[in-house]
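In what follows, a structure is listed as structure tokens, so that the remarks can point back to it.
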Amino acid sequence: MKYVLVLNQKGGVGKTTICEEVAASLQRTNTPFCFYNLDPQGGCCIEPREDDGAEVAVIDTPGSLSDQTAGWVQNADVLIVPVRASGKDIPAFERMLDIIQANKKKDVKLIIVVNQWTRYTASRDFYEWLIGLGMDFVVTRLPQSELFQKASAAGKPLTDYAPKSVPADGAMLVVNMVRRAVDLEEEKMD
């Protein structure tokens with residue numbers, strides 16, 4: 001089984017949103033999976049589950065560091081770190097990267113998701129700063145859109161709520177990065 005860990009010590013960066021989108025894709029494609037929601041804040045529209053013969057485990061972590069964080073990182077095959085393009089988020093993000101660098105397996109795939117991406121200079125500057133870190137990771141982004149909040153209020157992942165929207169395209173980009181990282185075929189949206 002491949003373990004997909006979504007983590008950042010800061011809350012409100014999109015961990016649960018990403019977990020919902022990945023889990024929804026696995027459901028839509030009838031891929032056996034486990035889903036663990038370790039975030040005590042809740043708010044996830046996907047119920048925890050453990051399928052027999054699961055190929056993938058998706059783990060939503062709390063928005064804080066714990067004694068288990070290093071162990072979770074050590075066991076992950078794919079690490080997803082969502083972050084907002086905000087100077088206020090940088091210290092927590094850097095601490096998270098330090099923990100990842102100190103504890104990840106050599107062949108782990110690291111995906112950074114810049115959440116609430118806008119067309120403004122701050123997002124572009126943040127992206128350039130990320131690339132300048134010179135680390136071995138892939139960077140992608142989720143656009144800023146009220147559709148994420150509307151989907152959450154409806155109790156659905158965005159890709160089910162508004163599948164033909166630009167934000168859903170961004171979510172599918174992230175989902176398919178994860179699917180490739182765990183050796184699954186990409187999901188094609190109709």
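Residue numbering restarts at 1 in every chain; chains get A, B, ... in the order shown in the structure tokens, and ligands count up from 1 in that same order.
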
| request: Check segment 10-107 of chain A with DSSP on the backbone and list each residue it calls strand (DSSP E), as a PyMOL selection string. | output: chain A and resi 33-37+49-50+56-60+78-84

How close does each residue of segment 33-64 of chain A get to segment 156-179 of chain A, giving the shortest atom pair and distance in Å to one decimal for every residue with an atom at most 10 Å away, counting only C-alpha atoms, sorted by chain and residue number, as CSV?
```
residue,atom,partner,partner_atom,distance
A:Cys44,CA,A:Lys156,CA,9.0
A:Cys45,CA,A:Lys156,CA,6.0
A:Ile46,CA,A:Lys156,CA,8.2
A:Val56,CA,A:Arg179,CA,9.5
```

| field | Who sits within 12 Å of Tyr3 of chain A, only C-alpha atoms, same chain under 2 positions skipped, as an MDAnalysis selection string | value | chainID A and resid 1 5:6 33:36 54:60 72:80 105 108:109 178:179 181:183

| Backbone DSSP call of helix (DSSP H, G or I) for segment 82-160 of chain A, listed as a ChimeraX atom specification | /A:87-103,121-132,147-153,158-160

| field | Shell of 10 Å around segment 88-92 of chain A, only C-alpha atoms, local chain residues under 6 positions omitted, as a list in words | value | Asn8, Gln9, Lys10, Gly11, Val13, Ser64, Leu65, Asp98 and Phe126 of chain A

How would the residues just chosen look if you wrote them out with all heavy atoms as a PDB file, in the first residue's frame?
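The new file result.pdb reads:
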```pdb
ATOM      1  N   ASN A   8       0.840  20.018   7.060  1.00  0.00           N
ATOM      2  CA  ASN A   8       1.452  21.317   7.316  1.00  0.00           C
ATOM      3  C   ASN A   8       1.073  21.635   8.744  1.00  0.00           C
ATOM      4  O   ASN A   8      -0.052  21.363   9.154  1.00  0.00           O
ATOM      5  CB  ASN A   8       0.955  22.402   6.363  1.00  0.00           C
ATOM      6  CG  ASN A   8       1.775  23.681   6.463  1.00  0.00           C
ATOM      7  OD1 ASN A   8       2.313  24.012   7.526  1.00  0.00           O
ATOM      8  ND2 ASN A   8       1.868  24.409   5.380  1.00  0.00           N
ATOM      9  N   GLN A   9       1.991  22.203   9.492  1.00  0.00           N
ATOM     10  CA  GLN A   9       1.683  22.477  10.888  1.00  0.00           C
ATOM     11  C   GLN A   9       0.681  23.608  11.038  1.00  0.00           C
ATOM     12  O   GLN A   9       0.135  23.815  12.108  1.00  0.00           O
ATOM     13  CB  GLN A   9       2.952  22.786  11.677  1.00  0.00           C
ATOM     14  CG  GLN A   9       3.454  24.191  11.497  1.00  0.00           C
ATOM     15  CD  GLN A   9       4.537  24.524  12.490  1.00  0.00           C
ATOM     16  OE1 GLN A   9       5.674  24.220  12.261  1.00  0.00           O
ATOM     17  NE2 GLN A   9       4.175  25.147  13.576  1.00  0.00           N
ATOM     18  N   LYS A  10       0.396  24.323   9.973  1.00  0.00           N
ATOM     19  CA  LYS A  10      -0.540  25.443  10.018  1.00  0.00           C
ATOM     20  C   LYS A  10      -1.900  24.988   9.524  1.00  0.00           C
ATOM     21  O   LYS A  10      -1.999  24.277   8.530  1.00  0.00           O
ATOM     22  CB  LYS A  10      -0.015  26.584   9.150  1.00  0.00           C
ATOM     23  CG  LYS A  10      -0.853  27.835   9.271  1.00  0.00           C
ATOM     24  CD  LYS A  10      -0.151  29.015   8.696  1.00  0.00           C
ATOM     25  CE  LYS A  10      -0.932  30.290   8.848  1.00  0.00           C
ATOM     26  NZ  LYS A  10      -2.365  30.177   8.821  1.00  0.00           N
ATOM     27  N   GLY A  11      -2.927  25.406  10.191  1.00  0.00           N
ATOM     28  CA  GLY A  11      -4.282  25.111   9.737  1.00  0.00           C
ATOM     29  C   GLY A  11      -4.714  26.100   8.663  1.00  0.00           C
ATOM     30  O   GLY A  11      -4.093  27.144   8.459  1.00  0.00           O
ATOM     31  N   VAL A  13      -4.725  25.821   5.385  1.00  0.00           N
ATOM     32  CA  VAL A  13      -3.935  25.894   4.148  1.00  0.00           C
ATOM     33  C   VAL A  13      -4.462  24.977   3.046  1.00  0.00           C
ATOM     34  O   VAL A  13      -3.959  24.992   1.932  1.00  0.00           O
ATOM     35  CB  VAL A  13      -2.442  25.597   4.405  1.00  0.00           C
ATOM     36  CG1 VAL A  13      -1.818  26.692   5.263  1.00  0.00           C
ATOM     37  CG2 VAL A  13      -2.246  24.233   5.026  1.00  0.00           C
ATOM     38  N   SER A  64      -1.177  21.097  13.242  1.00  0.00           N
ATOM     39  CA  SER A  64      -0.201  21.370  14.301  1.00  0.00           C
ATOM     40  C   SER A  64       0.809  20.227  14.297  1.00  0.00           C
ATOM     41  O   SER A  64       0.544  19.160  13.764  1.00  0.00           O
ATOM     42  CB  SER A  64      -0.882  21.449  15.671  1.00  0.00           C
ATOM     43  OG  SER A  64      -1.495  20.219  15.982  1.00  0.00           O
ATOM     44  N   LEU A  65       1.953  20.481  14.888  1.00  0.00           N
ATOM     45  CA  LEU A  65       2.954  19.428  15.022  1.00  0.00           C
ATOM     46  C   LEU A  65       2.590  18.551  16.213  1.00  0.00           C
ATOM     47  O   LEU A  65       2.000  19.023  17.181  1.00  0.00           O
ATOM     48  CB  LEU A  65       4.340  20.034  15.240  1.00  0.00           C
ATOM     49  CG  LEU A  65       4.895  20.877  14.099  1.00  0.00           C
ATOM     50  CD1 LEU A  65       6.256  21.444  14.469  1.00  0.00           C
ATOM     51  CD2 LEU A  65       4.979  20.069  12.822  1.00  0.00           C
ATOM     52  N   ASP A  98      11.752  21.484   7.085  1.00  0.00           N
ATOM     53  CA  ASP A  98      12.882  20.970   7.875  1.00  0.00           C
ATOM     54  C   ASP A  98      12.569  19.581   8.432  1.00  0.00           C
ATOM     55  O   ASP A  98      13.417  18.677   8.391  1.00  0.00           O
ATOM     56  CB  ASP A  98      13.222  21.923   9.031  1.00  0.00           C
ATOM     57  CG  ASP A  98      13.877  23.220   8.575  1.00  0.00           C
ATOM     58  OD1 ASP A  98      14.348  23.288   7.417  1.00  0.00           O
ATOM     59  OD2 ASP A  98      13.895  24.176   9.381  1.00  0.00           O
ATOM     60  N   PHE A 126       5.928  34.408  -4.514  1.00  0.00           N
ATOM     61  CA  PHE A 126       6.002  33.257  -3.626  1.00  0.00           C
ATOM     62  C   PHE A 126       6.451  32.022  -4.401  1.00  0.00           C
ATOM     63  O   PHE A 126       7.307  31.264  -3.942  1.00  0.00           O
ATOM     64  CB  PHE A 126       4.632  33.005  -2.977  1.00  0.00           C
ATOM     65  CG  PHE A 126       4.666  31.981  -1.886  1.00  0.00           C
ATOM     66  CD1 PHE A 126       5.058  32.321  -0.600  1.00  0.00           C
ATOM     67  CD2 PHE A 126       4.298  30.672  -2.138  1.00  0.00           C
ATOM     68  CE1 PHE A 126       5.093  31.380   0.409  1.00  0.00           C
ATOM     69  CE2 PHE A 126       4.329  29.719  -1.136  1.00  0.00           C
ATOM     70  CZ  PHE A 126       4.724  30.072   0.140  1.00  0.00           C
TER      71      PHE A 126
END
```

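Rounded to one decimal, atom CA of Asn115 of chain A and atom CA of Gly43 of chain A lie 17.6 Å from each other.
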
| request: List the neighbours of Pro82 of chain A out to 9 Å using only C-alpha atoms; skip same-chain residues closer than 5 positions along the sequence, and give me the result as a ChimeraX atom specification. | output: /A:6-8,13-15,18,93,111-115,141

What does the file look like for those residues with N, CA, C and O atoms, as a CSV table (one decimal), in the first residue's frame?
```csv
chain,number,residue,atom,x,y,z
A,6,VAL,N,-0.9,14.2,3.8
A,6,VAL,CA,-1.1,15.7,3.6
A,6,VAL,C,-0.8,16.4,4.9
A,6,VAL,O,-1.6,16.1,5.9
A,7,LEU,N,0.2,17.2,4.9
A,7,LEU,CA,0.5,17.8,6.2
A,7,LEU,C,1.1,19.3,6.1
A,7,LEU,O,1.7,19.6,5.0
A,8,ASN,N,0.8,20.0,7.1
A,8,ASN,CA,1.5,21.3,7.3
A,8,ASN,C,1.1,21.6,8.7
A,8,ASN,O,-0.1,21.4,9.2
A,13,VAL,N,-4.7,25.8,5.4
A,13,VAL,CA,-3.9,25.9,4.1
A,13,VAL,C,-4.5,25.0,3.0
A,13,VAL,O,-4.0,25.0,1.9
A,14,GLY,N,-5.5,24.2,3.4
A,14,GLY,CA,-6.1,23.3,2.3
A,14,GLY,C,-5.8,21.8,2.5
A,14,GLY,O,-6.1,21.1,1.5
A,15,LYS,N,-5.3,21.4,3.6
A,15,LYS,CA,-5.0,19.9,3.8
A,15,LYS,C,-6.3,19.1,3.5
A,15,LYS,O,-6.3,18.1,2.7
A,18,ILE,N,-7.5,19.0,-0.1
A,18,ILE,CA,-6.7,18.1,-1.0
A,18,ILE,C,-7.1,16.7,-0.7
A,18,ILE,O,-7.2,15.9,-1.7
A,93,PHE,N,5.7,26.9,7.3
A,93,PHE,CA,6.1,26.1,6.1
A,93,PHE,C,7.5,25.7,6.2
A,93,PHE,O,7.9,24.5,5.9
A,111,ILE,N,5.2,17.0,-3.0
A,111,ILE,CA,4.4,17.9,-3.8
A,111,ILE,C,4.0,19.1,-2.9
A,111,ILE,O,3.4,18.9,-1.9
A,112,ILE,N,4.3,20.3,-3.4
A,112,ILE,CA,3.9,21.5,-2.7
A,112,ILE,C,2.8,22.1,-3.5
A,112,ILE,O,2.8,22.3,-4.7
A,113,VAL,N,1.7,22.3,-2.8
A,113,VAL,CA,0.5,22.9,-3.4
A,113,VAL,C,0.3,24.3,-2.8
A,113,VAL,O,0.0,24.5,-1.6
A,114,VAL,N,0.4,25.3,-3.7
A,114,VAL,CA,0.2,26.7,-3.3
A,114,VAL,C,-1.3,26.9,-3.4
A,114,VAL,O,-1.9,26.9,-4.6
A,115,ASN,N,-2.0,27.1,-2.3
A,115,ASN,CA,-3.5,27.2,-2.3
A,115,ASN,C,-3.9,28.7,-2.3
A,115,ASN,O,-3.1,29.5,-1.9
A,141,ARG,N,-0.6,24.4,-8.0
A,141,ARG,CA,-1.4,25.4,-7.3
A,141,ARG,C,-2.9,25.1,-7.4
A,141,ARG,O,-3.3,24.5,-8.4
```

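Using only C-alpha atoms, the nearest neighbour of Asp136 of chain A within the list A:Ala102, A:Ala24, A:Ala70, A:Leu110 is A:Leu110.
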
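Taking atom CA of Leu130 of chain A and atom CA of Ser25 of chain A as endpoints, the distance between them is 27.6 Å.
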
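Our summary of the geometry notes that atom CA of Val22 of chain A is positioned 28.0 Å from atom CA of Gly132 of chain A.
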
| With distances taken over only C-alpha atoms, which of A:Gln116, A:Gln149, A:Thr16, A:Asn30 is nearest to Gly53 of chain A? | A:Asn30
